[in-house]
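Raw contents of my_file28.txt, compact mmCIF, C-alpha atoms:
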# COMPACT_ATOMS: atom_id res chain seq x y z
CA MET A 1 0.00 0.00 0.00
CA ALA A 2 3.10 2.22 0.07
CA GLY A 3 2.45 5.29 -2.00
CA PHE A 4 -1.31 4.88 -2.32
CA GLU A 5 -1.82 6.34 1.15
CA LYS A 6 -0.97 9.74 -0.35
CA ILE A 7 -3.94 9.42 -2.69
CA LYS A 8 -7.35 10.31 -1.30
CA LEU A 9 -8.88 6.87 -1.74
CA SER A 10 -11.30 5.38 0.75
CA LYS A 11 -9.88 2.97 3.30
CA GLN A 12 -11.71 0.14 1.58
CA LEU A 13 -9.99 0.94 -1.72
CA GLN A 14 -6.62 1.30 -0.01
CA ARG A 15 -7.05 -2.28 1.18
CA SER A 16 -8.26 -3.41 -2.26
CA VAL A 17 -5.23 -2.09 -4.14
CA ALA A 18 -2.92 -3.76 -1.63
CA GLU A 19 -4.73 -7.10 -1.95
CA ALA A 20 -4.63 -6.78 -5.75
CA GLY A 21 -0.84 -6.46 -5.61
CA TYR A 22 -0.59 -2.80 -6.58
CA ASN A 23 2.29 -1.86 -4.31
CA SER A 24 2.68 1.72 -5.48
CA PRO A 25 0.80 4.01 -7.83
CA LYS A 26 2.01 4.45 -11.37
CA ASP A 27 3.03 7.85 -12.65
CA ILE A 28 -0.33 8.57 -14.25
CA GLN A 29 -2.14 7.64 -11.02
CA GLN A 30 0.10 9.87 -8.93
CA LYS A 31 -0.53 12.80 -11.27
CA THR A 32 -4.27 12.41 -11.86
CA LEU A 33 -6.13 10.59 -9.09
CA ASN A 34 -6.18 13.36 -6.50
CA ARG A 35 -7.21 15.85 -9.19
CA ILE A 36 -10.01 13.54 -10.30
CA ILE A 37 -11.16 12.95 -6.73
CA GLY A 38 -11.14 16.74 -6.33
CA GLY A 39 -13.62 17.03 -9.21
CA GLN A 40 -11.44 18.38 -12.02
CA ASP A 41 -11.99 17.45 -15.67
CA ILE A 42 -8.93 15.60 -16.93
CA ILE A 43 -7.41 14.58 -20.26
CA ALA A 44 -4.86 11.88 -19.41
CA VAL A 45 -2.38 10.90 -22.12
CA GLY A 46 -0.20 7.84 -21.68
CA PRO A 47 0.93 4.70 -23.53
CA GLU A 48 -0.61 1.27 -23.29
CA GLY A 49 0.29 -0.22 -19.92
CA ALA A 50 0.63 3.16 -18.20
CA GLY A 51 -2.21 2.35 -15.80
CA LYS A 52 -5.05 4.39 -17.33
CA THR A 53 -7.77 1.77 -16.79
CA THR A 54 -6.89 1.24 -13.12
CA THR A 55 -6.86 5.02 -12.67
CA TYR A 56 -10.46 5.57 -13.68
CA VAL A 57 -11.70 2.33 -12.09
CA LEU A 58 -10.35 3.53 -8.73
CA ALA A 59 -11.79 7.00 -9.33
CA ALA A 60 -15.22 5.53 -10.08
CA LEU A 61 -15.27 3.17 -7.10
CA ASN A 62 -14.14 5.94 -4.78
CA ARG A 63 -17.47 7.70 -5.36
CA PHE A 64 -19.46 4.92 -3.71
CA ASN A 65 -18.97 5.40 0.02
CA TYR A 66 -22.66 4.79 0.58
CA ALA A 67 -25.41 2.38 -0.38
CA PRO A 68 -25.82 2.69 -4.18
CA GLU A 69 -29.18 3.87 -5.55
CA GLY A 70 -29.25 1.61 -8.60
CA VAL A 71 -29.31 4.63 -10.92
CA PRO A 72 -26.25 5.16 -13.15
CA LYS A 73 -23.74 7.57 -11.64
CA VAL A 74 -20.79 6.60 -13.85
CA LEU A 75 -20.73 6.04 -17.64
CA ILE A 76 -17.54 4.66 -19.19
CA LEU A 77 -17.23 4.50 -22.99
CA VAL A 78 -14.75 2.08 -24.58
CA PRO A 79 -14.28 1.03 -28.23
CA GLU A 80 -15.36 -2.63 -28.39
CA LYS A 81 -17.04 -5.52 -26.59
CA ASP A 82 -13.69 -6.99 -25.49
CA ASP A 83 -12.82 -3.65 -23.89
CA VAL A 84 -16.13 -3.61 -22.02
CA LEU A 85 -15.42 -7.07 -20.61
CA ALA A 86 -11.82 -6.16 -19.72
CA VAL A 87 -12.90 -3.03 -17.81
CA ILE A 88 -15.58 -4.95 -15.91
CA ALA A 89 -12.94 -7.54 -15.01
CA ARG A 90 -10.78 -4.75 -13.58
CA PHE A 91 -13.74 -3.56 -11.50
CA ASP A 92 -14.26 -7.10 -10.25
CA LYS A 93 -10.61 -7.22 -9.20
CA LEU A 94 -10.72 -3.98 -7.20
CA ASN A 95 -14.32 -3.72 -6.04
CA LYS A 96 -15.08 -5.14 -2.59
CA ASN A 97 -18.44 -3.40 -2.32
CA LYS A 98 -20.63 -6.02 -3.96
CA SER A 99 -23.72 -3.85 -3.61
CA ILE A 100 -22.40 -1.77 -6.52
CA SER A 101 -24.06 -2.92 -9.74
CA ILE A 102 -21.95 -2.78 -12.91
CA VAL A 103 -23.64 -3.32 -16.29
CA GLY A 104 -21.91 -3.77 -19.64
CA LEU A 105 -23.47 -2.62 -22.91
CA TYR A 106 -22.16 -3.69 -26.32
CA VAL A 107 -23.53 -4.74 -29.69
CA THR A 108 -25.02 -8.21 -29.45
CA SER A 109 -28.37 -9.82 -30.15
CA GLY A 110 -29.68 -9.13 -26.64
CA LEU A 111 -30.47 -5.41 -26.67
CA GLU A 112 -33.62 -5.81 -24.57
CA THR A 113 -31.73 -8.10 -22.19
CA GLN A 114 -29.25 -5.28 -21.60
CA MET A 115 -32.12 -2.83 -21.15
CA ASP A 116 -33.64 -5.16 -18.56
CA ALA A 117 -30.29 -5.29 -16.73
CA LEU A 118 -30.29 -1.48 -16.58
CA ALA A 119 -33.88 -1.44 -15.37
CA ASP A 120 -32.96 -3.85 -12.57
CA GLY A 121 -30.49 -1.25 -11.29
CA ALA A 122 -27.08 -0.09 -12.48
CA ASP A 123 -24.62 2.16 -10.68
CA ILE A 124 -21.75 1.98 -13.19
CA VAL A 125 -22.26 1.44 -16.91
CA VAL A 126 -19.41 0.34 -19.17
CA ALA A 127 -20.42 0.57 -22.82
CA THR A 128 -19.48 0.96 -26.43
CA PRO A 129 -20.71 4.36 -27.67
CA ASP A 130 -23.03 2.95 -30.35
CA ARG A 131 -24.86 0.62 -27.98
CA ALA A 132 -25.06 3.21 -25.19
CA ARG A 133 -26.56 5.74 -27.60
CA ALA A 134 -29.04 3.20 -29.00
CA ILE A 135 -30.33 2.28 -25.55
CA TYR A 136 -30.38 5.91 -24.44
CA LEU A 137 -32.57 6.86 -27.39
CA LYS A 138 -34.89 3.99 -26.45
CA LEU A 139 -35.26 5.51 -22.96
CA GLY A 140 -33.37 2.58 -21.48
CA LEU A 141 -30.31 4.44 -20.17
CA ASN A 142 -30.94 7.14 -17.58
CA LEU A 143 -28.35 9.94 -17.65
CA ASN A 144 -30.14 12.34 -15.31
CA LYS A 145 -28.06 11.53 -12.23
CA MET A 146 -24.75 11.00 -13.99
CA GLU A 147 -21.77 12.27 -11.98
CA LEU A 148 -18.80 10.91 -13.91
CA PHE A 149 -18.48 10.57 -17.71
CA ILE A 150 -15.37 8.73 -18.93
CA VAL A 151 -14.10 8.25 -22.50
CA ASP A 152 -11.32 5.66 -22.67
CA ASP A 153 -9.05 4.92 -25.63
CA ALA A 154 -10.36 8.08 -27.29
CA ASP A 155 -7.92 8.08 -30.21
CA ARG A 156 -8.92 4.54 -31.13
CA MET A 157 -12.62 5.42 -31.02
CA LEU A 158 -11.97 8.41 -33.27
CA LYS A 159 -10.35 6.08 -35.81
CA LYS A 160 -13.42 3.84 -35.64
CA GLY A 161 -15.70 6.79 -36.46
CA MET A 162 -17.51 6.93 -33.11
CA GLN A 163 -17.60 10.71 -32.82
CA LEU A 164 -21.37 11.08 -33.18
CA PRO A 165 -22.49 8.80 -30.31
CA ILE A 166 -19.75 10.11 -28.01
CA VAL A 167 -20.74 13.75 -28.54
CA GLU A 168 -24.48 13.04 -28.29
CA LEU A 169 -24.06 11.17 -25.01
CA ALA A 170 -21.77 13.88 -23.62
CA ASN A 171 -24.22 16.62 -24.57
CA SER A 172 -27.14 14.68 -23.06
CA ILE A 173 -25.47 14.72 -19.63
CA THR A 174 -26.33 18.08 -18.14
CA LYS A 175 -23.74 18.15 -15.37
CA ALA A 176 -20.96 15.67 -14.67
CA GLN A 177 -17.22 15.47 -14.31
CA ARG A 178 -15.59 14.41 -17.60
CA LEU A 179 -12.44 12.33 -18.00
CA VAL A 180 -10.74 11.41 -21.27
CA PHE A 181 -7.98 8.79 -21.50
CA THR A 182 -5.95 8.31 -24.67
CA ASP A 183 -2.62 7.04 -25.93
CA VAL A 184 -2.00 10.23 -27.89
CA LEU A 185 -3.51 13.70 -28.16
CA HIS A 186 -3.75 15.49 -31.49
CA THR A 187 -5.77 18.18 -33.25
CA LYS A 188 -8.64 15.99 -34.44
CA LEU A 189 -9.09 14.50 -31.00
CA GLU A 190 -8.96 17.93 -29.36
CA LYS A 191 -11.76 19.10 -31.67
CA LEU A 192 -13.87 16.12 -30.63
CA ILE A 193 -13.56 16.45 -26.85
CA GLU A 194 -13.14 20.20 -26.34
CA PRO A 195 -16.88 21.09 -26.51
CA PHE A 196 -17.86 18.85 -23.59
CA MET A 197 -14.88 19.44 -21.29
CA ASN A 198 -14.75 22.12 -18.59
CA ASN A 199 -11.45 23.81 -17.66
CA GLN A 200 -9.70 20.51 -18.11
CA ALA A 201 -6.14 19.71 -17.10
CA ILE A 202 -4.03 17.87 -19.67
CA ILE A 203 -1.67 15.39 -18.02
CA GLU A 204 0.78 13.40 -20.11
CA VAL A 205 3.12 10.63 -19.02
CA ASP A 206 5.76 8.80 -21.03
CA GLU A 207 7.29 5.43 -20.32
CA PHE A 208 10.39 4.97 -22.42
CA GLU A 209 12.82 2.08 -22.51
CA GLU A 210 15.64 2.80 -20.06
CA THR A 211 18.29 2.37 -22.75
CA GLY A 212 17.37 4.04 -26.03
CA LEU A 213 18.19 2.35 -29.31
CA ALA A 214 20.82 3.91 -31.54
CA THR A 215 18.76 5.13 -34.49
CA HIS A 216 19.25 7.43 -37.42
CA GLN A 217 18.18 11.02 -36.89
CA GLN A 218 14.38 11.02 -37.13
CA LEU A 219 12.43 14.02 -38.42
CA LEU A 220 8.67 13.91 -37.79
CA TYR A 221 6.34 15.86 -40.07
CA ASN A 222 2.76 16.01 -38.80
CA VAL A 223 0.53 16.70 -41.82
CA SER A 224 -3.23 16.89 -42.19
CA ASN A 225 -4.01 14.30 -44.85
CA PHE A 226 -2.85 12.14 -47.76
CA LEU A 227 -2.80 14.93 -50.35
CA THR A 228 -0.71 17.17 -48.11
CA LYS A 229 1.69 14.26 -47.54
CA GLN A 230 1.95 13.88 -51.30
CA ASN A 231 2.66 17.59 -51.72
CA LEU A 232 5.35 17.42 -49.04
CA LEU A 233 7.02 14.45 -50.74
CA ASN A 234 6.99 16.21 -54.12
CA LEU A 235 8.39 19.37 -52.54
CA PHE A 236 11.28 17.58 -50.84
CA LEU A 237 12.23 15.38 -53.79
CA ALA A 238 12.18 18.34 -56.17
CA ASP A 239 15.33 19.52 -54.36
CA GLU A 240 17.88 17.30 -56.09
CA GLU A 241 20.82 19.03 -54.39
CA VAL A 242 19.67 17.88 -50.94
CA PHE A 243 17.71 14.72 -51.68
CA THR A 244 20.34 13.09 -53.81
CA ARG A 245 19.13 9.53 -53.17
CA SER A 246 16.07 8.46 -51.17
CA ALA A 247 14.10 5.35 -50.32
CA VAL A 248 10.36 6.06 -49.95
CA PHE A 249 8.34 3.55 -47.96
CA ILE A 250 4.62 3.12 -48.69
CA ASN A 251 2.37 0.54 -47.02
CA GLN A 252 0.10 -0.46 -49.90
CA THR A 253 1.09 -1.27 -53.48
CA ALA A 254 -1.98 0.55 -54.82
CA THR A 255 -0.89 3.73 -53.02
CA ALA A 256 2.67 3.26 -54.28
CA GLU A 257 1.33 3.26 -57.83
CA LYS A 258 -0.30 6.68 -57.27
CA ILE A 259 2.90 8.06 -55.79
CA TYR A 260 4.96 6.62 -58.64
CA GLN A 261 2.77 8.28 -61.26
CA SER A 262 2.98 11.63 -59.46
CA LEU A 263 6.76 11.49 -59.01
CA HIS A 264 7.50 10.05 -62.47
CA HIS A 265 5.65 12.96 -64.05
CA ARG A 266 8.18 15.30 -62.39
CA LEU A 267 11.34 13.22 -61.97
CA HIS A 268 11.02 10.86 -64.95
CA ASP A 269 13.35 7.86 -64.88
CA SER A 270 15.18 8.98 -61.74
CA VAL A 271 12.34 7.35 -59.78
CA GLY A 272 11.51 3.65 -59.75
CA TYR A 273 10.20 0.72 -57.74
CA LEU A 274 12.13 -1.88 -55.84
CA ASN A 275 10.93 -5.06 -57.59
CA PRO A 276 8.37 -3.24 -59.77
CA PRO A 277 4.86 -4.75 -59.73
CA PHE A 278 4.40 -4.03 -63.45
CA PHE A 279 6.74 -4.79 -66.35
CA ASP A 280 6.20 -1.39 -68.00
CA VAL A 281 7.43 0.81 -65.15
CA ASN A 282 10.93 1.77 -64.10
CA GLY A 283 12.42 -0.29 -61.30
CA TYR A 284 15.34 -1.99 -59.60
CA LYS A 285 15.71 -5.67 -58.78
CA THR A 286 17.82 -4.90 -55.71
CA ALA A 287 18.86 -1.92 -53.62
CA ASP A 288 22.40 -2.44 -54.93
CA GLU A 289 21.11 -1.83 -58.46
CA PHE A 290 19.46 1.38 -57.23
CA ARG A 291 22.68 2.56 -55.59
CA ALA A 292 24.74 1.73 -58.70
CA ASP A 293 22.53 3.63 -61.15
CA PRO A 294 23.92 7.19 -61.43
CA LYS A 295 20.54 8.54 -62.66
CA ALA A 296 18.52 6.96 -59.84
CA ARG A 297 17.35 9.27 -57.05
CA VAL A 298 14.16 7.73 -55.64
CA MET A 299 13.35 4.09 -54.88
CA LEU A 300 9.77 3.28 -53.89
CA VAL A 301 9.40 0.36 -51.48
CA SER A 302 6.03 -1.26 -50.83
CA THR A 303 5.83 -2.57 -47.27
CA GLU A 304 2.96 -4.82 -48.38
CA ARG A 305 5.32 -6.84 -50.58
CA GLY A 306 7.50 -7.71 -47.59
CA ASP A 307 10.82 -6.99 -49.27
CA ASP A 308 13.84 -7.13 -46.94
CA VAL A 309 15.85 -4.11 -48.05
CA ASP A 310 19.54 -3.38 -47.54
CA LEU A 311 19.43 0.39 -46.92
CA LYS A 312 23.09 1.16 -46.33
CA GLY A 313 24.40 4.12 -48.26
CA ILE A 314 20.97 5.67 -48.87
CA PRO A 315 21.06 9.08 -47.15
CA PHE A 316 17.28 9.63 -46.84
CA LEU A 317 14.68 7.11 -45.65
CA ILE A 318 11.27 8.69 -46.18
CA HIS A 319 8.31 6.99 -44.52
CA PHE A 320 5.36 8.24 -46.52
CA ASP A 321 3.42 5.65 -44.48
CA ILE A 322 4.31 4.20 -41.09
CA PRO A 323 4.08 0.39 -41.12
CA GLN A 324 1.54 -1.12 -38.73
CA ASP A 325 4.28 -3.48 -37.55
CA ILE A 326 6.53 -1.00 -35.79
CA ASP A 327 9.36 -3.57 -35.67
CA THR A 328 9.59 -3.15 -39.45
CA TYR A 329 10.11 0.58 -39.01
CA ILE A 330 12.62 0.13 -36.17
CA LYS A 331 14.68 -2.30 -38.23
CA ARG A 332 14.93 0.29 -41.00
CA VAL A 333 16.07 3.16 -38.79
CA THR A 334 18.40 1.32 -36.40
CA LYS A 335 21.92 2.61 -36.80
CA THR A 336 24.60 -0.07 -37.28
CA ASN A 337 27.49 2.32 -37.90
CA GLU A 338 28.21 5.30 -35.66
CA ASP A 339 29.43 7.32 -38.63
CA ASP A 340 26.23 6.73 -40.62
CA GLU A 341 24.53 10.10 -41.22
CA THR A 342 21.33 8.71 -42.74
CA ILE A 343 18.21 10.74 -41.91
CA ALA A 344 14.77 9.15 -41.48
CA LEU A 345 11.76 11.32 -42.33
CA ILE A 346 8.31 10.32 -41.05
CA PHE A 347 5.11 11.73 -42.53
CA ALA A 348 2.28 11.26 -40.03
CA THR A 349 -1.32 12.40 -39.96
CA ASP A 350 -3.15 12.76 -36.66
CA MET A 351 -4.47 9.22 -37.13
CA ASP A 352 -0.86 7.96 -37.31
CA MET A 353 0.31 9.59 -34.09
CA SER A 354 -0.51 6.54 -31.95
CA LEU A 355 1.99 4.56 -34.06
CA VAL A 356 4.55 7.33 -33.56
CA LYS A 357 3.98 7.06 -29.81
CA LYS A 358 4.53 3.28 -29.90
CA ILE A 359 7.76 3.77 -31.84
CA GLU A 360 8.94 6.27 -29.25
CA GLN A 361 8.18 3.86 -26.42
CA ALA A 362 9.97 0.99 -28.18
CA THR A 363 13.09 2.93 -29.17
CA GLY A 364 13.30 5.09 -26.04
CA ASN A 365 13.66 8.17 -28.23
CA LYS A 366 11.07 10.95 -28.42
CA MET A 367 10.42 12.58 -31.81
CA GLU A 368 9.72 16.29 -31.80
CA PRO A 369 7.64 17.50 -34.79
CA SER A 370 9.64 19.36 -37.43
CA ALA A 371 8.36 22.61 -38.93
CA LEU A 372 6.58 22.19 -42.25
CA PRO A 373 8.15 24.09 -45.17
CA GLY A 374 6.64 27.54 -45.68
CA ASP A 375 5.94 26.82 -49.36
CA LEU A 376 4.10 23.56 -48.68
CA VAL A 377 0.61 23.51 -50.18
CA ILE A 378 -1.70 22.27 -47.42
CA VAL A 379 -4.91 20.69 -48.70
CA ASN A 380 -8.01 21.33 -46.63
CA GLU A 381 -9.95 18.21 -45.71
CA PRO A 382 -13.65 17.90 -46.57
CA ARG A 383 -15.98 17.51 -43.59
CA SER A 384 -15.86 13.93 -42.37
CA LYS A 385 -19.00 11.89 -42.73
CA THR A 386 -18.56 10.84 -39.12
CA GLU A 387 -18.42 14.36 -37.69
CA PRO A 388 -21.42 15.32 -35.55
CA THR A 389 -24.05 17.32 -37.42
CA LYS A 390 -27.50 18.62 -36.69
CA GLN A 391 -29.10 15.91 -38.77
CA SER A 392 -31.60 13.39 -37.47
CA THR A 393 -30.29 11.10 -34.74
CA LYS A 394 -32.24 8.09 -35.89
CA ASN A 395 -30.72 4.95 -34.46
CA ASN A 396 -29.09 3.00 -37.26
CA GLU A 397 -27.29 0.48 -35.10
CA PRO A 398 -27.29 -2.98 -36.67
CA GLU A 399 -28.72 -5.79 -34.64
CA THR A 400 -27.11 -9.16 -35.23
CA GLY A 401 -29.09 -12.28 -34.57
CA ALA A 402 -32.16 -10.41 -33.34
CA ALA A 403 -35.46 -12.26 -33.17
CA PHE A 404 -37.97 -10.81 -35.60
CA HIS A 405 -41.58 -11.34 -34.70
CA GLU A 406 -44.61 -9.11 -34.81
CA LYS A 407 -45.71 -7.86 -31.41
CA LYS A 408 -49.23 -7.22 -30.24
CA PRO A 409 -50.09 -3.50 -30.36
CA SER A 410 -50.33 -3.39 -26.59
CA ASN A 411 -46.79 -4.76 -26.22
CA ASN A 412 -45.20 -2.83 -29.03
CA LYS A 413 -42.45 -0.42 -27.85
CA ASN A 414 -41.73 2.63 -29.97
CA TYR A 415 -38.29 3.38 -28.57
CA ASN A 416 -36.67 5.56 -31.22
CA TYR A 417 -36.69 9.27 -30.30
CA SER A 418 -34.52 12.21 -31.27
CA ALA A 419 -31.91 13.17 -28.70
CA SER A 420 -33.66 16.44 -27.82
CA ARG A 421 -37.06 14.75 -27.47
CA LYS A 422 -35.40 11.99 -25.45
CA ALA A 423 -33.85 14.51 -23.02
CA GLU A 424 -37.22 16.22 -22.48
CA MET A 425 -38.96 12.93 -21.82
CA ASN A 426 -36.23 11.55 -19.57
CA LYS A 427 -36.34 14.58 -17.25
CA LYS A 428 -40.01 13.85 -16.58
CA LYS A 429 -39.35 10.28 -15.48
CA LYS A 430 -39.36 9.40 -11.82
CA HIS A 431 -36.59 7.24 -10.47
CA GLY A 432 -36.69 5.35 -7.22
Written as structure tokens, that's how I'd like the structure from this file.
Amino acid sequence: MAGFEKIKLSKQLQRSVAEAGYNSPKDIQQKTLNRIIGGQDIIAVGPEGAGKTTTYVLAALNRFNYAPEGVPKVLILVPEKDDVLAVIARFDKLNKNKSISIVGLYVTSGLETQMDALADGADIVVATPDRARAIYLKLGLNLNKMELFIVDDADRMLKKGMQLPIVELANSITKAQRLVFTDVLHTKLEKLIEPFMNNQAIIEVDEFEETGLATHQQLLYNVSNFLTKQNLLNLFLADEEVFTRSAVFINQTATAEKIYQSLHHRLHDSVGYLNPPFFDVNGYKTADEFRADPKARVMLVSTERGDDVDLKGIPFLIHFDIPQDIDTYIKRVTKTNEDDETIALIFATDMDMSLVKKIEQATGNKMEPSALPGDLVIVNEPRSKTEPTKQSTKNNEPETGAAFHEKKPSNNKNYNYSASRKAEMNKKKKHG
């Protein structure tokens, strides 16, 4: 229990963390728990394994120093069913107050079964945003007495296009403390969460390997989208005095074809593929052939093809895409010769920043974003189809395996309401 006594947890929770084997709080718990217990809105940024889940589980349980009412006081949103089950398992590990009812909501065939579980009494709800929104609009999830609203793995949910249900649920809670936990914080995520936060504190922790790997110099360029990445690549490679010879890494062969056409239009036969996918395009059978060709300046490498590339003697390694397998990236940028002055450039959109964070954790080296060139043409993104709008909030959630049978008129339940109509109706309900 050493260390946890400095955190304002109940005596029962102090005993629980000791019995669970948590000998001392992690960095993120030391920096956030007392703030959370004090009522502050928090955005907590930390890598996988930093202790984010335990942080908000303890914060939620610490609210129940009394007999629960069976009305939801805590709503936790997570990306998928497996996450719901994992969070509930963490509650089970730390919760000694068995009068607290915890209900999980996720897409499955038993929507009405989950609604019945809520009706039987729920103090803490752990849910995927789509299922929570669907049940809320069916008047099955009461948000009137909500005290704590938690969004976990926010960056991942943004990638999955869950903005609309998150924002609608947040806006339907009139007054509650809000906590957001994420691996990485970037502009798109800030735009999502800013409207429903209140004077939030942003707390970031890093957990790097104690001994950093010896890597090439890494320059990170955070760009808005694919077209801006393409403009940046064209801009750099147009400078033949600096970018004398470069390897450009692209994840998908189809994308590599687009990049090849764009570059070949400008650079002609000085650009080619490693092991070209088509017989009628310029290419090199090996990296040695690329290095030996005096006209060659750019070699495109498709990560999808799985080529093992000898990169020695190539001064610029440009990652147009970051490979999903970060070990592939690390192998490319690991320095084997102290005198090697190779520079690795990484083009990353906001959606790629979680991969950048994982690379930093694995290598023990933090990458600071480099300034974008002043003459870079930045392409504005069209409004995402998943961004919240004022359109109808009709529930379009798919139901898998649902039983379809016609109900008697007296038993028929017309659950689907707009969010505004739902809020008006819910405030009139009486709760025991």
Padding of 6 Å on every side, edges along x, y and z, all listed atoms of region 298-307 of chain A included: what centre and edge lengths in Å, to one decimal, does that box have, as AutoDock Vina command-line options?
--center_x 8.6 --center_y 0.0 --center_z -51.5 --size_x 23.2 --size_y 27.4 --size_z 20.4
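The two atoms in question, CA of Glu204 (chain A) and CA of Gln40 (chain A), are spaced 15.5 Å apart.
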Place a sphere of radius 12 Å on (28.0, 2.4, -38.3) in the file coordinates and name every protein, DNA or RNA residue with an atom inside or on its surface, counting only C-alpha atoms; give the answer as a compact mmCIF listing (two decimals) with C-alpha atoms, keeping the file's coordinate frame.
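Below you can see selection-v9.txt, which holds the result:
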# COMPACT_ATOMS: atom_id res chain seq x y z
CA ALA A 214 20.82 3.91 -31.54
CA THR A 215 18.76 5.13 -34.49
CA HIS A 216 19.25 7.43 -37.42
CA LYS A 312 23.09 1.16 -46.33
CA GLY A 313 24.40 4.12 -48.26
CA VAL A 333 16.07 3.16 -38.79
CA THR A 334 18.40 1.32 -36.40
CA LYS A 335 21.92 2.61 -36.80
CA THR A 336 24.60 -0.07 -37.28
CA ASN A 337 27.49 2.32 -37.90
CA GLU A 338 28.21 5.30 -35.66
CA ASP A 339 29.43 7.32 -38.63
CA ASP A 340 26.23 6.73 -40.62
CA GLU A 341 24.53 10.10 -41.22
CA THR A 342 21.33 8.71 -42.74
Determine, counting all atoms listed in the file, which protein, DNA and RNA residues have an atom within 7 Å of an atom of region 4-15 of chain A; residues of the same chain fewer than 5 positions away are not included. Present the result as a VMD selection string.
chain A and resid 24 to 25 33 to 34 62
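From CA of Arg297 (chain A) back to CA of Ser224 (chain A), the distance works out to 26.5 Å.
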Using only C-alpha atoms, find each residue of region 147-255 of chain A with at least one atom at most 6 Å away from an atom of region 348-364 of chain A; report its shortest atom-to-atom pair and that distance in Å (one decimal), sort the rows by chain and rising residue number, and return the result as a tab-separated table.
residue	atom	partner	partner_atom	distance
A:Val184	CA	A:Ser354	CA	5.7
A:His186	CA	A:Asp350	CA	5.9
A:Phe208	CA	A:Gly364	CA	4.6
A:Glu209	CA	A:Gly364	CA	4.7
A:Gly212	CA	A:Gly364	CA	4.2
A:Leu213	CA	A:Thr363	CA	5.1
A:Asn222	CA	A:Ala348	CA	4.9
A:Val223	CA	A:Thr349	CA	5.0
A:Ser224	CA	A:Thr349	CA	5.4
A:Asn225	CA	A:Thr349	CA	5.9
CA of Lys145 (chain A) to CA of Thr53 (chain A): how many Å, to one decimal?
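Atom-to-atom, CA of Lys145 (chain A) to CA of Thr53 (chain A), that is 23.0 Å.
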For each of A:Asp153, A:Asp327, A:Glu289, A:Asp83, take the minimum atom-to-atom distance to Asp310 (chain A), counting all atoms listed in the file, then give the residue where this is smallest.
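Closest residue, counting all atoms listed in the file: A:Glu289.
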Who sits within 8 Å of region 92-106 of chain A, only C-alpha atoms, same chain under 6 positions skipped, as an NGL selection string:
:A and (12-13 or 16-17 or 20 or 58 or 61 or 64 or 67-68 or 70 or 80-81 or 84-85 or 114 or 117-118 or 121-128 or 130-132)
May I ask which of the residues A:Ala60, A:Leu267, A:Ala89, A:Leu148 is the closest one to Lys295 (chain A), counting all atoms listed in the file?
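With all atoms listed in the file as the atom set, the closest residue is A:Leu267.
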Within 7 Å of (13.0, 7.9, -62.0), all atoms listed in the file: residues as an NGL selection string?
:A and (264 or 267-272 or 282 or 296-298)
